[in-house]
>>> print(open('my_file-v7.txt').read())   # compact mmCIF, C-alpha atoms and all ligand atoms
# COMPACT_ATOMS: atom_id res chain seq x y z
CA MET A 1 82.15 95.58 97.62
CA LYS A 2 84.22 98.66 96.98
CA VAL A 3 87.46 98.11 95.10
CA VAL A 4 90.24 100.30 93.73
CA VAL A 5 92.00 98.84 90.70
CA SER A 6 95.35 100.29 89.70
CA ILE A 7 95.94 99.62 86.01
CA GLY A 8 99.52 100.21 84.95
CA GLY A 9 99.99 102.19 81.75
CA SER A 10 102.01 99.39 80.18
CA VAL A 11 99.24 96.92 81.12
CA LEU A 12 96.53 99.01 79.46
CA LEU A 13 98.63 100.20 76.51
CA PRO A 14 101.61 97.94 75.87
CA GLU A 15 101.55 99.67 72.48
CA PRO A 16 99.17 102.25 71.06
CA GLY A 17 95.87 100.53 70.26
CA SER A 18 92.38 99.87 71.46
CA GLU A 19 92.25 96.11 72.07
CA ARG A 20 93.54 95.95 75.65
CA VAL A 21 91.68 99.12 76.59
CA SER A 22 88.32 97.74 75.51
CA ALA A 23 89.00 94.36 77.19
CA HIS A 24 89.84 96.07 80.50
CA ALA A 25 86.87 98.43 80.19
CA ALA A 26 84.54 95.46 79.64
CA VAL A 27 85.75 93.83 82.86
CA VAL A 28 85.30 97.06 84.81
CA GLU A 29 81.75 97.40 83.48
CA ASP A 30 80.92 93.78 84.33
CA LEU A 31 82.07 94.34 87.91
CA VAL A 32 79.97 97.51 88.20
CA ALA A 33 76.96 95.68 86.73
CA GLU A 34 77.41 93.00 89.42
CA GLY A 35 77.10 95.64 92.12
CA CYS A 36 80.75 96.42 92.76
CA ARG A 37 81.84 100.01 93.21
CA VAL A 38 85.06 100.41 91.24
CA GLY A 39 87.68 103.14 91.35
CA CYS A 40 90.18 102.82 88.47
CA VAL A 41 93.56 104.53 88.60
CA VAL A 42 95.41 104.48 85.28
CA GLY A 43 99.20 104.80 84.87
CA GLY A 44 101.30 106.46 82.19
CA GLY A 45 103.25 103.52 80.71
CA GLY A 46 105.64 103.83 77.78
CA VAL A 47 104.05 107.00 76.43
CA ALA A 48 104.73 108.81 79.72
CA ARG A 49 108.32 107.57 79.69
CA GLU A 50 108.81 108.80 76.11
CA TYR A 51 107.37 112.24 76.81
CA ILE A 52 109.33 112.56 80.05
CA GLY A 53 112.54 111.51 78.26
CA ALA A 54 112.01 114.07 75.50
CA ALA A 55 111.18 116.85 77.96
CA ARG A 56 114.24 115.97 80.08
CA ASP A 57 116.42 116.32 76.98
CA LEU A 58 114.81 119.72 76.48
CA GLY A 59 115.83 120.81 79.97
CA ALA A 60 112.55 120.50 81.89
CA ASN A 61 112.95 120.20 85.66
CA GLU A 62 111.67 117.23 87.71
CA ILE A 63 108.39 118.87 88.69
CA GLU A 64 107.71 119.79 85.07
CA LEU A 65 108.47 116.18 84.09
CA ASP A 66 106.03 114.93 86.73
CA GLN A 67 103.36 117.28 85.38
CA ILE A 68 103.88 115.80 81.93
CA GLY A 69 103.62 112.30 83.46
CA ILE A 70 100.36 113.27 85.18
CA ASP A 71 98.96 114.61 81.90
CA VAL A 72 99.75 111.30 80.18
CA THR A 73 98.12 109.25 82.96
CA ARG A 74 95.00 111.39 82.50
CA LEU A 75 95.20 110.89 78.74
CA ASN A 76 95.28 107.12 79.29
CA ALA A 77 92.41 107.45 81.76
CA ARG A 78 90.43 109.23 79.03
CA LEU A 79 91.07 106.32 76.71
CA LEU A 80 89.63 103.92 79.29
CA ILE A 81 86.64 106.24 79.70
CA ALA A 82 86.17 106.28 75.92
CA ALA A 83 85.84 102.50 76.01
CA LEU A 84 83.24 102.50 78.79
CA SER A 85 79.60 102.60 77.90
CA GLU A 86 78.79 103.77 81.45
CA GLU A 87 77.54 107.31 81.14
CA SER A 88 78.37 108.19 84.71
CA VAL A 89 82.01 109.04 83.98
CA THR A 90 82.85 111.69 81.42
CA ALA A 91 86.35 112.74 82.47
CA PRO A 92 89.11 111.59 84.83
CA ALA A 93 88.75 112.88 88.38
CA HIS A 94 91.58 115.28 89.26
CA ASP A 95 91.58 114.59 92.98
CA TYR A 96 90.36 112.10 95.59
CA GLU A 97 87.24 114.09 96.41
CA GLY A 98 86.19 114.09 92.76
CA ALA A 99 86.76 110.35 92.51
CA GLY A 100 84.90 109.74 95.79
CA GLU A 101 81.93 111.74 94.52
CA ALA A 102 81.89 109.85 91.21
CA LEU A 103 81.90 106.56 93.13
CA ARG A 104 78.94 107.65 95.22
CA ARG A 105 77.01 108.97 92.22
CA GLY A 106 77.61 106.25 89.68
CA ASN A 107 79.56 103.40 91.29
CA LEU A 108 82.53 104.11 89.02
CA ALA A 109 85.44 106.54 89.11
CA VAL A 110 88.41 106.85 86.77
CA MET A 111 91.49 108.92 87.47
CA GLY A 112 95.19 109.23 86.66
CA GLY A 113 97.83 111.09 88.63
CA VAL A 114 97.21 113.82 91.16
CA ALA A 115 100.35 115.69 92.22
CA PRO A 116 104.10 115.70 91.40
CA ALA A 117 106.74 113.58 93.13
CA GLN A 118 104.78 110.33 93.26
CA THR A 119 103.30 107.73 90.92
CA THR A 120 99.86 106.26 90.38
CA ASP A 121 100.88 103.38 92.71
CA ALA A 122 100.57 105.84 95.59
CA VAL A 123 97.46 107.49 94.11
CA SER A 124 95.75 104.07 94.05
CA ALA A 125 96.61 103.36 97.69
CA ALA A 126 95.50 106.86 98.73
CA LEU A 127 92.21 106.56 96.82
CA ALA A 128 91.58 103.16 98.44
CA GLU A 129 92.20 104.74 101.84
CA TYR A 130 90.06 107.79 101.03
CA VAL A 131 86.99 105.83 99.87
CA ASP A 132 87.51 103.16 102.53
CA ALA A 133 87.75 100.40 99.92
CA ASP A 134 87.41 96.73 100.84
CA LEU A 135 90.19 95.82 98.45
CA LEU A 136 93.02 97.35 96.42
CA VAL A 137 94.20 95.48 93.32
CA TYR A 138 97.43 96.34 91.49
CA ALA A 139 97.17 95.09 87.92
CA THR A 140 100.83 95.30 86.92
CA SER A 141 103.07 93.72 84.31
CA VAL A 142 104.90 91.76 87.05
CA PRO A 143 103.00 88.74 88.40
CA GLY A 144 103.29 89.65 92.09
CA VAL A 145 105.81 90.82 94.66
CA TYR A 146 109.17 89.04 94.35
CA SER A 147 112.20 88.76 96.59
CA ASP A 148 114.21 90.27 93.73
CA ASP A 149 113.55 91.68 90.29
CA PRO A 150 112.36 88.55 88.38
CA ASN A 151 113.51 90.13 85.11
CA GLU A 152 117.04 90.44 86.43
CA THR A 153 117.50 87.51 88.84
CA ASP A 154 116.71 83.87 88.04
CA ASP A 155 116.18 82.77 91.65
CA ALA A 156 113.76 85.60 92.53
CA THR A 157 110.86 84.02 94.41
CA ARG A 158 107.29 85.23 94.55
CA PHE A 159 105.69 85.94 97.92
CA GLU A 160 102.22 84.41 98.11
CA GLU A 161 101.33 86.46 101.16
CA LEU A 162 102.96 89.35 102.99
CA SER A 163 102.04 91.57 105.91
CA ALA A 164 102.08 95.30 105.09
CA THR A 165 105.22 95.74 107.20
CA ASP A 166 106.95 92.98 105.22
CA LEU A 167 105.80 94.65 101.99
CA VAL A 168 107.43 97.92 103.08
CA ASP A 169 110.68 96.07 103.92
CA VAL A 170 110.74 94.10 100.65
CA ILE A 171 110.04 97.18 98.53
CA ALA A 172 112.60 99.30 100.43
CA ASP A 173 115.23 96.62 99.71
CA LEU A 174 114.23 96.42 96.05
CA GLU A 175 114.38 100.19 95.65
CA MET A 176 117.94 100.15 97.02
CA THR A 177 118.96 97.95 94.09
CA ALA A 178 119.82 100.17 91.14
CA GLY A 179 117.66 99.39 88.14
CA ALA A 180 115.41 96.90 89.93
CA SER A 181 111.76 97.52 89.25
CA ALA A 182 109.30 97.00 92.09
CA PRO A 183 105.64 96.22 91.24
CA VAL A 184 104.50 98.78 93.82
CA ASP A 185 106.57 101.72 95.05
CA LEU A 186 107.58 102.52 98.62
CA LEU A 187 105.14 105.38 99.18
CA ALA A 188 102.28 103.12 98.09
CA ALA A 189 103.51 100.37 100.43
CA LYS A 190 103.58 102.84 103.32
CA ILE A 191 100.05 104.05 102.61
CA ILE A 192 98.89 100.40 102.51
CA GLN A 193 100.61 99.85 105.87
CA ARG A 194 99.09 103.01 107.39
CA SER A 195 95.58 102.29 106.17
CA GLY A 196 95.64 98.53 106.78
CA MET A 197 94.30 98.00 103.26
CA ARG A 198 93.86 94.43 101.98
CA THR A 199 95.81 94.41 98.71
CA ILE A 200 96.44 92.03 95.81
CA VAL A 201 99.32 92.42 93.34
CA ILE A 202 98.80 90.50 90.09
CA ASP A 203 99.78 90.34 86.47
CA GLY A 204 96.92 92.36 85.04
CA THR A 205 97.66 91.98 81.35
CA ASP A 206 94.73 89.57 81.07
CA PRO A 207 91.79 91.53 82.51
CA ASP A 208 89.96 88.31 83.43
CA ARG A 209 92.56 87.84 86.17
CA ILE A 210 91.52 91.18 87.64
CA ALA A 211 87.85 90.15 87.56
CA ARG A 212 88.63 86.83 89.26
CA ALA A 213 90.70 88.50 91.99
CA VAL A 214 87.92 91.00 92.73
CA ARG A 215 85.08 88.45 92.58
CA SER A 216 86.64 85.71 94.66
CA GLY A 217 90.06 86.79 95.94
CA SER A 218 91.53 84.05 93.78
CA HIS A 219 94.75 84.81 91.89
CA GLU A 220 98.35 83.77 91.28
CA GLY A 221 100.03 86.93 92.55
CA THR A 222 100.70 88.24 96.06
CA ASP A 223 98.24 88.91 98.87
CA VAL A 224 99.16 91.76 101.19
CA ILE A 225 97.22 91.29 104.39
CA PRO A 226 98.06 93.99 106.95
CA THR A 227 97.91 93.04 110.62
CA GLY A 228 94.46 93.59 112.04
CA VAL A 229 92.75 93.68 108.65
CA GLY A 230 89.12 92.65 108.99
CA GLU A 231 87.40 89.55 107.70
CA GLU A 232 87.57 88.69 104.02
CA PRO A 233 85.00 90.64 101.99
CA THR A 234 81.69 88.76 102.28
CA TYR A 235 81.41 89.31 98.53
CA TRP A 236 83.93 86.49 98.12
CA ALA A 237 81.71 83.45 97.95
CA ALA A 238 83.67 80.45 99.20
CA ASP A 239 82.49 78.20 96.36
CA ASP A 240 84.04 80.50 93.72
CA ARG A 241 87.56 80.04 95.08
P1 LIG B 1 103.03 106.16 86.58
O1 LIG B 1 102.25 105.96 87.79
O2 LIG B 1 102.64 105.46 85.34
O3 LIG B 1 104.59 105.96 86.91
O4 LIG B 1 103.09 107.73 86.27
P2 LIG B 1 105.58 104.75 86.80
O5 LIG B 1 105.49 103.96 88.06
O6 LIG B 1 106.88 105.38 86.46
O7 LIG B 1 105.06 103.90 85.57
P3 LIG B 1 105.08 102.33 85.37
O8 LIG B 1 104.27 101.73 86.50
O9 LIG B 1 106.52 101.93 85.44
O10 LIG B 1 104.44 102.13 84.01
C1 LIG B 1 103.94 108.24 85.23
C2 LIG B 1 104.69 109.43 85.75
O11 LIG B 1 103.77 110.49 86.04
C3 LIG B 1 104.20 111.24 87.17
C4 LIG B 1 105.54 110.63 87.59
O12 LIG B 1 106.57 111.34 86.94
C5 LIG B 1 105.46 109.21 87.04
O13 LIG B 1 106.72 108.64 86.82
N1 LIG B 1 103.16 111.23 88.23
C6 LIG B 1 102.14 110.33 88.19
C7 LIG B 1 103.21 112.17 89.23
O14 LIG B 1 104.13 112.99 89.30
N2 LIG B 1 102.20 112.20 90.17
C8 LIG B 1 101.17 111.33 90.15
O15 LIG B 1 100.28 111.43 91.03
C9 LIG B 1 101.15 110.37 89.15
>>> encode(input="my_file-v7.txt", output="C-alpha cells", more="lines below")
Ligand code: UTP
Amino acid sequence: MKVVVSIGGSVLLPEPGSERVSAHAAVVEDLVAEGCRVGCVVGGGGVAREYIGAARDLGANEIELDQIGIDVTRLNARLLIAALSEESVTAPAHDYEGAGEALRRGNLAVMGGVAPAQTTDAVSAALAEYVDADLLVYATSVPGVYSDDPNETDDATRFEELSATDLVDVIADLEMTAGASAPVDLLAAKIIQRSGMRTIVIDGTDPDRIARAVRSGSHEGTDVIPTGVGEEPTYWAADDR
C-alpha cells in the first residue's frame, strides 16, 4: 500500500507545541512499520498566515509571500521529521523526484510546498499522482467535503461519497463564495480528477482517524472515488471495516 497523507498545518500545529506533532509522527511510523509506504505533505497553518500577513504589510509581492509560505511548510515538515525516529528521512524533499526517491529508499517521504501560486493541497495530489499512490488522504480541520462552509452555514451537508468530477464542481462553487473555506482547493481537485486518484477527506486532528482510514478505508469524512478507479486496495481487510 502506497499512501500520500496531506497534513494541514493547523492540524499538526493548532498552536506551537510538540504534542500533536509527536502523535501524528507515531501514527506515520506505525503505518510504515506495518509495510505501508507513506508520503507526508505538511501545510503551513497559522504560522504561515502570520508570516504572510506581516510580509504583506511590509509590501512583499504575491510570489514573495508564497515563498514565505513554502518556507513555513518546510519548517513544519522539519518538525514532523524531528518527531520521527525513522532515520531514513533527514530533511523535507524539495520536489516530487526527491520525495519519490525517499519513498523508494526508506518507505517514507516528508515534504512541504514546492512552487509559488498553489498550496500543499495541490502538492499532495501531485505527489500521489507522481508516485502512483493507492490512496490520498487529506487530514484537514474540516470533517469532510460539505455542500457549503459548515462553519458559516447551519444546513451544510457532508457528502459521504463524490466522483472526482462532482468534487471539482462542489469546490468550484465553494471557491466562488467569498470567505468560504474549502477542505481541498480547486487545483488539487483537478489533479485528483486527472489522475483518477482514490481520495479520502477527513478531520485529521486525531491521528488515529488517519491510521484507520489508511488501514481499512473506514472513516467519517468524504470518499472521492473517480470514475474508473480500480478495485479497493487489497490492503483493506474486509473484517477491519
Ligand atoms: P498551505 O498549503 O498550508 O496553504 O501553504 P493554505 O491552504 O492556505 O493553508 P491551510 O490549509 O488553510 O492551513 C501555506 C502557503 O504557502 C504557499 C501559499 O502561499 C500557501 O497559502 N505555498 C504552499 C505555495 O506557494 N506553494 C506550495 O507549493 C505550497
>>> residues_near_ligand(input="my_file-v7.txt", ligand="ligand LIG 1 (chain B)", cutoff="8 Å", atoms="only C-alpha atoms and all ligand atoms", output="count of residues only")
40
>>> atom_distance(input="my_file-v7.txt", atom1="CA of Tyr235 (chain A)", atom2="CA of Val214 (chain A)")
8.9 Å
>>> residues_around(input="my_file-v7.txt", residues="Tyr96 (chain A)", least_positions_apart="2", cutoff="12 Å", atoms="all atoms listed in the file", output="mmCIF file with C-alpha atoms, keeping the file's coordinate frame")
data_model
loop_
_atom_site.group_PDB
_atom_site.id
_atom_site.type_symbol
_atom_site.label_atom_id
_atom_site.label_comp_id
_atom_site.auth_asym_id
_atom_site.auth_seq_id
_atom_site.Cartn_x
_atom_site.Cartn_y
_atom_site.Cartn_z
ATOM 1 C CA VAL A 4 90.240 100.300 93.730
ATOM 2 C CA GLY A 39 87.680 103.140 91.350
ATOM 3 C CA CYS A 40 90.180 102.820 88.470
ATOM 4 C CA VAL A 41 93.560 104.530 88.600
ATOM 5 C CA PRO A 92 89.110 111.590 84.830
ATOM 6 C CA ALA A 93 88.750 112.880 88.380
ATOM 7 C CA HIS A 94 91.580 115.280 89.260
ATOM 8 C CA GLY A 98 86.190 114.090 92.760
ATOM 9 C CA ALA A 99 86.760 110.350 92.510
ATOM 10 C CA GLY A 100 84.900 109.740 95.790
ATOM 11 C CA GLU A 101 81.930 111.740 94.520
ATOM 12 C CA ALA A 102 81.890 109.850 91.210
ATOM 13 C CA LEU A 103 81.900 106.560 93.130
ATOM 14 C CA ALA A 109 85.440 106.540 89.110
ATOM 15 C CA VAL A 110 88.410 106.850 86.770
ATOM 16 C CA MET A 111 91.490 108.920 87.470
ATOM 17 C CA GLY A 112 95.190 109.230 86.660
ATOM 18 C CA GLY A 113 97.830 111.090 88.630
ATOM 19 C CA VAL A 114 97.210 113.820 91.160
ATOM 20 C CA ALA A 115 100.350 115.690 92.220
ATOM 21 C CA ALA A 122 100.570 105.840 95.590
ATOM 22 C CA VAL A 123 97.460 107.490 94.110
ATOM 23 C CA SER A 124 95.750 104.070 94.050
ATOM 24 C CA ALA A 125 96.610 103.360 97.690
ATOM 25 C CA ALA A 126 95.500 106.860 98.730
ATOM 26 C CA LEU A 127 92.210 106.560 96.820
ATOM 27 C CA ALA A 128 91.580 103.160 98.440
ATOM 28 C CA GLU A 129 92.200 104.740 101.840
ATOM 29 C CA TYR A 130 90.060 107.790 101.030
ATOM 30 C CA VAL A 131 86.990 105.830 99.870
ATOM 31 C CA ASP A 132 87.510 103.160 102.530
#
>>> residues_around(input="my_file-v7.txt", residues="Ala211 (chain A)", least_positions_apart="2", cutoff="8 Å", atoms="only C-alpha atoms", output="list in words")
Val27, Val28, Leu31, Pro207, Asp208, Arg209, Ala213, Val214 and Arg215 of chain A
>>> atom_distance(input="my_file-v7.txt", atom1="CA of Gly221 (chain A)", atom2="CA of Pro143 (chain A)")
5.4 Å
>>> residues_around(input="my_file-v7.txt", residues="Leu174 (chain A)", least_positions_apart="2", cutoff="10 Å", atoms="all atoms listed in the file", output="PyMOL selection string")
chain A and resi 146-149+168-172+176-183+185-186
>>> atom_distance(input="my_file-v7.txt", atom1="CA of His219 (chain A)", atom2="CA of Ile192 (chain A)")
19.3 Å
>>> residues_around(input="my_file-v7.txt", residues="Ala25 (chain A)", least_positions_apart="2", cutoff="7 Å", atoms="all atoms listed in the file", output="PyMOL selection string")
chain A and resi 21-23+27-29+80+83-84
>>> closest_residue(input="my_file-v7.txt", among="A:Arg198, A:Leu79, A:Thr222, A:Asp173", to="Val145 (chain A)", atoms="all atoms listed in the file")
A:Thr222
>>> residues_around(input="my_file-v7.txt", residues="region 229-234 of chain A", least_positions_apart="4", cutoff="8 Å", atoms="all atoms listed in the file", output="MDAnalysis selection string")
chainID A and resid 1 134 196:198 225
>>> decode(input="my_file-v7.txt", residues="region 144-170 of chain A", atoms="N, CA and C atoms", output="PDB file, in the first residue's frame")
ATOM      1  N   GLY A 144     -14.643  16.654   6.290  1.00  0.00           N
ATOM      2  CA  GLY A 144     -15.086  16.120   5.008  1.00  0.00           C
ATOM      3  C   GLY A 144     -15.413  17.246   4.044  1.00  0.00           C
ATOM      4  N   VAL A 145     -15.981  16.855   2.898  1.00  0.00           N
ATOM      5  CA  VAL A 145     -16.400  17.847   1.899  1.00  0.00           C
ATOM      6  C   VAL A 145     -17.883  18.132   2.124  1.00  0.00           C
ATOM      7  N   TYR A 146     -18.222  19.399   2.255  1.00  0.00           N
ATOM      8  CA  TYR A 146     -19.600  19.814   2.555  1.00  0.00           C
ATOM      9  C   TYR A 146     -20.193  20.602   1.390  1.00  0.00           C
ATOM     10  N   SER A 147     -21.519  20.630   1.364  1.00  0.00           N
ATOM     11  CA  SER A 147     -22.222  21.369   0.311  1.00  0.00           C
ATOM     12  C   SER A 147     -21.981  22.872   0.457  1.00  0.00           C
ATOM     13  N   ASP A 148     -21.640  23.288   1.658  1.00  0.00           N
ATOM     14  CA  ASP A 148     -21.393  24.690   1.976  1.00  0.00           C
ATOM     15  C   ASP A 148     -20.350  24.734   3.078  1.00  0.00           C
ATOM     16  N   ASP A 149     -19.889  25.919   3.431  1.00  0.00           N
ATOM     17  CA  ASP A 149     -18.927  26.003   4.521  1.00  0.00           C
ATOM     18  C   ASP A 149     -19.649  25.693   5.842  1.00  0.00           C
ATOM     19  N   PRO A 150     -19.329  24.546   6.506  1.00  0.00           N
ATOM     20  CA  PRO A 150     -20.070  24.184   7.727  1.00  0.00           C
ATOM     21  C   PRO A 150     -19.857  25.176   8.865  1.00  0.00           C
ATOM     22  N   ASN A 151     -18.789  25.972   8.785  1.00  0.00           N
ATOM     23  CA  ASN A 151     -18.568  26.981   9.829  1.00  0.00           C
ATOM     24  C   ASN A 151     -19.452  28.206   9.632  1.00  0.00           C
ATOM     25  N   GLU A 152     -19.966  28.350   8.419  1.00  0.00           N
ATOM     26  CA  GLU A 152     -20.757  29.541   8.097  1.00  0.00           C
ATOM     27  C   GLU A 152     -22.249  29.234   7.953  1.00  0.00           C
ATOM     28  N   THR A 153     -22.573  28.008   7.501  1.00  0.00           N
ATOM     29  CA  THR A 153     -23.957  27.679   7.155  1.00  0.00           C
ATOM     30  C   THR A 153     -24.427  26.479   7.960  1.00  0.00           C
ATOM     31  N   ASP A 154     -25.551  26.642   8.674  1.00  0.00           N
ATOM     32  CA  ASP A 154     -26.048  25.564   9.540  1.00  0.00           C
ATOM     33  C   ASP A 154     -26.489  24.336   8.754  1.00  0.00           C
ATOM     34  N   ASP A 155     -27.114  24.556   7.563  1.00  0.00           N
ATOM     35  CA  ASP A 155     -27.634  23.383   6.855  1.00  0.00           C
ATOM     36  C   ASP A 155     -26.642  22.818   5.826  1.00  0.00           C
ATOM     37  N   ALA A 156     -25.361  23.110   6.002  1.00  0.00           N
ATOM     38  CA  ALA A 156     -24.345  22.489   5.130  1.00  0.00           C
ATOM     39  C   ALA A 156     -24.354  20.976   5.372  1.00  0.00           C
ATOM     40  N   THR A 157     -24.402  20.201   4.292  1.00  0.00           N
ATOM     41  CA  THR A 157     -24.422  18.742   4.476  1.00  0.00           C
ATOM     42  C   THR A 157     -23.127  18.133   3.962  1.00  0.00           C
ATOM     43  N   ARG A 158     -22.729  17.063   4.629  1.00  0.00           N
ATOM     44  CA  ARG A 158     -21.481  16.393   4.251  1.00  0.00           C
ATOM     45  C   ARG A 158     -21.765  15.361   3.157  1.00  0.00           C
ATOM     46  N   PHE A 159     -20.912  15.336   2.142  1.00  0.00           N
ATOM     47  CA  PHE A 159     -21.008  14.297   1.116  1.00  0.00           C
ATOM     48  C   PHE A 159     -20.263  13.064   1.625  1.00  0.00           C
ATOM     49  N   GLU A 160     -20.938  11.917   1.631  1.00  0.00           N
ATOM     50  CA  GLU A 160     -20.234  10.691   2.026  1.00  0.00           C
ATOM     51  C   GLU A 160     -19.340  10.202   0.904  1.00  0.00           C
ATOM     52  N   GLU A 161     -19.832  10.375  -0.326  1.00  0.00           N
ATOM     53  CA  GLU A 161     -19.054   9.920  -1.482  1.00  0.00           C
ATOM     54  C   GLU A 161     -19.302  10.854  -2.657  1.00  0.00           C
ATOM     55  N   LEU A 162     -18.225  11.136  -3.387  1.00  0.00           N
ATOM     56  CA  LEU A 162     -18.318  12.001  -4.565  1.00  0.00           C
ATOM     57  C   LEU A 162     -17.482  11.400  -5.681  1.00  0.00           C
ATOM     58  N   SER A 163     -17.872  11.635  -6.915  1.00  0.00           N
ATOM     59  CA  SER A 163     -16.957  11.333  -8.022  1.00  0.00           C
ATOM     60  C   SER A 163     -15.965  12.504  -8.089  1.00  0.00           C
ATOM     61  N   ALA A 164     -14.876  12.348  -8.820  1.00  0.00           N
ATOM     62  CA  ALA A 164     -13.890  13.431  -8.911  1.00  0.00           C
ATOM     63  C   ALA A 164     -14.498  14.638  -9.629  1.00  0.00           C
ATOM     64  N   THR A 165     -15.348  14.370 -10.624  1.00  0.00           N
ATOM     65  CA  THR A 165     -15.982  15.472 -11.359  1.00  0.00           C
ATOM     66  C   THR A 165     -16.906  16.250 -10.428  1.00  0.00           C
ATOM     67  N   ASP A 166     -17.655  15.527  -9.580  1.00  0.00           N
ATOM     68  CA  ASP A 166     -18.511  16.212  -8.601  1.00  0.00           C
ATOM     69  C   ASP A 166     -17.661  17.018  -7.622  1.00  0.00           C
ATOM     70  N   LEU A 167     -16.505  16.451  -7.232  1.00  0.00           N
ATOM     71  CA  LEU A 167     -15.627  17.183  -6.303  1.00  0.00           C
ATOM     72  C   LEU A 167     -15.211  18.515  -6.926  1.00  0.00           C
ATOM     73  N   VAL A 168     -14.799  18.472  -8.197  1.00  0.00           N
ATOM     74  CA  VAL A 168     -14.387  19.706  -8.886  1.00  0.00           C
ATOM     75  C   VAL A 168     -15.542  20.714  -8.872  1.00  0.00           C
ATOM     76  N   ASP A 169     -16.758  20.238  -9.170  1.00  0.00           N
ATOM     77  CA  ASP A 169     -17.913  21.154  -9.218  1.00  0.00           C
ATOM     78  C   ASP A 169     -18.212  21.750  -7.838  1.00  0.00           C
ATOM     79  N   VAL A 170     -18.187  20.895  -6.812  1.00  0.00           N
ATOM     80  CA  VAL A 170     -18.501  21.372  -5.457  1.00  0.00           C
ATOM     81  C   VAL A 170     -17.454  22.396  -5.006  1.00  0.00           C
TER      82      VAL A 170
END
